[in-house]
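J.: Could you have a look at this structure, given as structure tokens, before my questions?
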Amino acid sequence: MSTLKAELIRLIRDEGPLPVSRYMALALGHPRHGYYMTRDPFGQEGDFTTAPEISQMFGELLGLWTAHLWQAMGAPVRFRLIELGPGRGTLMADVLRTTRIVPGFHAALSVHLVETSPVLRAKQAETLRGADPDWHDTVEAALEGPVIVLANEFLDALPLDQFVMTAEGWHERLVGLNGDGELAFGLALVGEDSLKLAAPAGTVFEQPYVALDVVAEIARHVAGHGGGALFIDYGSIRSGFGDTLQAMKRHGFVDPLAEPGKADLTVHVDFERMGQAASKAGAALHGPVTQRDFLLALGLAQRAQILSQKADAAQRRAISEAFDRLTQPGETGMGDLFKVLAFSHPGLPLLPGFDLHRVPEQV
Ligand code: SAH
């Protein structure tokens with residue numbers, strides 16, 4: 001049994017069942033045994049792969065997007081380029097390389113990273129040597145003056161609470177112990193009368209309060225100080241019900257309660273609610289759209305073509321595979337599953353990648 005699992009079982013025996021958010025927060029962020037605190041989980045050898053790790057094209061297009069936003073902001077002489085949950089630092093490195101040709105951009109920016117994992121901070125320091133980044137524990141600490149915020153697969157790691165509809169109304173879903181003393185899901189005895197949503201028995205409702213707070217805080221900041229933010233993650237364009245908590249290890253799904261601290265735990269992001277939180281805080285919304293639509297609108301196909309012209313046969317195959325992986329729908333690709341939402345100071349025009357001249361599909 002993992003050390004963290006034993007600790008959680010002890011904690012539940014002493015204090016009672018845990019909200020799903022507390023379980024998630026400990027499984028991912030426990031100072032000694034949390035999943036992200038102890039390892040570099042990315043790539044073939046790791047547990048999962050992300051878009052910037054699949055291809056440099058992803059970060060290059062985001063670099064162009066970032067430079068465009070900076071110009072739309074009036075090219076401020078100082079601004080913070082902030083990334084939330086930068087993983088290995090690959091995305092930021094690609095963004096910085098691509099934007100070197102933009103006059104004045106590098107002289108104006110300072111790099112700020114919001115990262116809790118000491119292992120990944122060390123990796124980011126290595127990747128971003130020369131960029132002289134500052135690290136922050138919280139989003140709040142990173143926000144100052146005009147900002148451009150980038151976040152790929154960050155919101156999906158933030159803890160949320162879950163509620164289940166029963167014959168007696170909504171009850172919070174909790175992590176407790178079963179008859180054998182093993183971790184198991186259960187329901188709070190007392191109902192959650194404040195939830196007024198109608199739904200059939202068995203329905204799960206998720207409350208992503210940490211992600212909503214993060215989005216609202218950044219939206220308030222950009223509305224007041226200028227700038228914008230870009231969030232990419234798997235999730236839905238429209239709000240819905242359902243249990244989206246999932247655990248991943250070695251590129252396959254596992255039981256979320258089986259190995260806390262040893263498997264990645266994520267949830268799907270409800271982009272409709274994130275957008276509502278950002279609008280309410282005073283920012284203008286761009287999207288959400290699918291990752292495929294966003295990357296194609298930014299010129300992914302042209303970028304792949306240019307790179308292929310200079311490549312050998314093996315590299316051309318890799319570029320074409322990366323293109324498919326980033327854009328294909330369904331199970332094989334990230335094109336439909338991943339969504340992109342930006343928000344900005346309300347005085348800014350519609351940002352690149354979102355001007356699709358049509359209503360996004362409901363997926
Ligand atoms: N953006 C990267 C990594 C995504 S994985 C990529 O696309 O490859 C999630 C990242 O968020 C990791 O760097 C993880 O350590 C970080 N993270 C998770 N929870 C966090 C939190 N509460 N505060 C700050 N960083 C967090």
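Ordering of the structure tokens sets the chain letters (A, B, ...), residue numbers begin anew at 1 in every chain, and ligands are numbered from 1 in the order given.
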Do a neighbour search on Leu356 (chain A) at 12 Å with only C-alpha atoms, toss out local chain neighbours closer than 4 positions, and write the hits as a PyMOL selection string.

T.: chain A and resi 286-290+292-298+350-352+360-361

J.: With DSSP run on the backbone, what are the strand (DSSP E) residues within region 164-347 of chain A? I'd like them as a PyMOL selection string.

T.: chain A and resi 164-166+169-177+183-191+204-207+227-236+246-249+252-254+264-266+269-270+284-290+338-344

J.: Considering only C-alpha atoms, state which residue in the set A:Gly330, A:Gly347, A:Gly169, A:Gly34 is at the smallest distance from Val204 (chain A).

T.: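 Looking at the shortest contact to Val204 (chain A), the residue is A:Gly169.
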
J.: Could you please determine the separation between CA of Pro19 (chain A) and CA of Glu115 (chain A) in Å, to one decimal place?

T.: 23.7 Å

J.: Go through A:Ala141, A:Met165, A:Ala263, A:Leu257 one by one, measure the shortest atom-to-atom distance of each to Tyr36 (chain A) using only C-alpha atoms, and give the residue with the smallest value.

T.: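 Closest to Tyr36 (chain A) of all the choices is A:Ala263.
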
J.: Write out as number ranges by chain which residues come within 12 Å of Asp193 (chain A) when counting only C-alpha atoms, dropping same-chain ones fewer than 6 positions away.

T.: A: 163, 165, 168-172

J.: Do you know which residues are within 8 Å of ligand 1 using only C-alpha atoms and all ligand atoms? Can you write them as number ranges by chain?

T.: A: 25, 28-29, 36-37, 42, 49-53, 83-91, 114-117, 120, 137-139, 151-154, 156-158

J.: Report the distance between CA of Leu26 (chain A) and CA of Pro159 (chain A) in Å, rounded to one decimal place.

T.: 9.4 Å
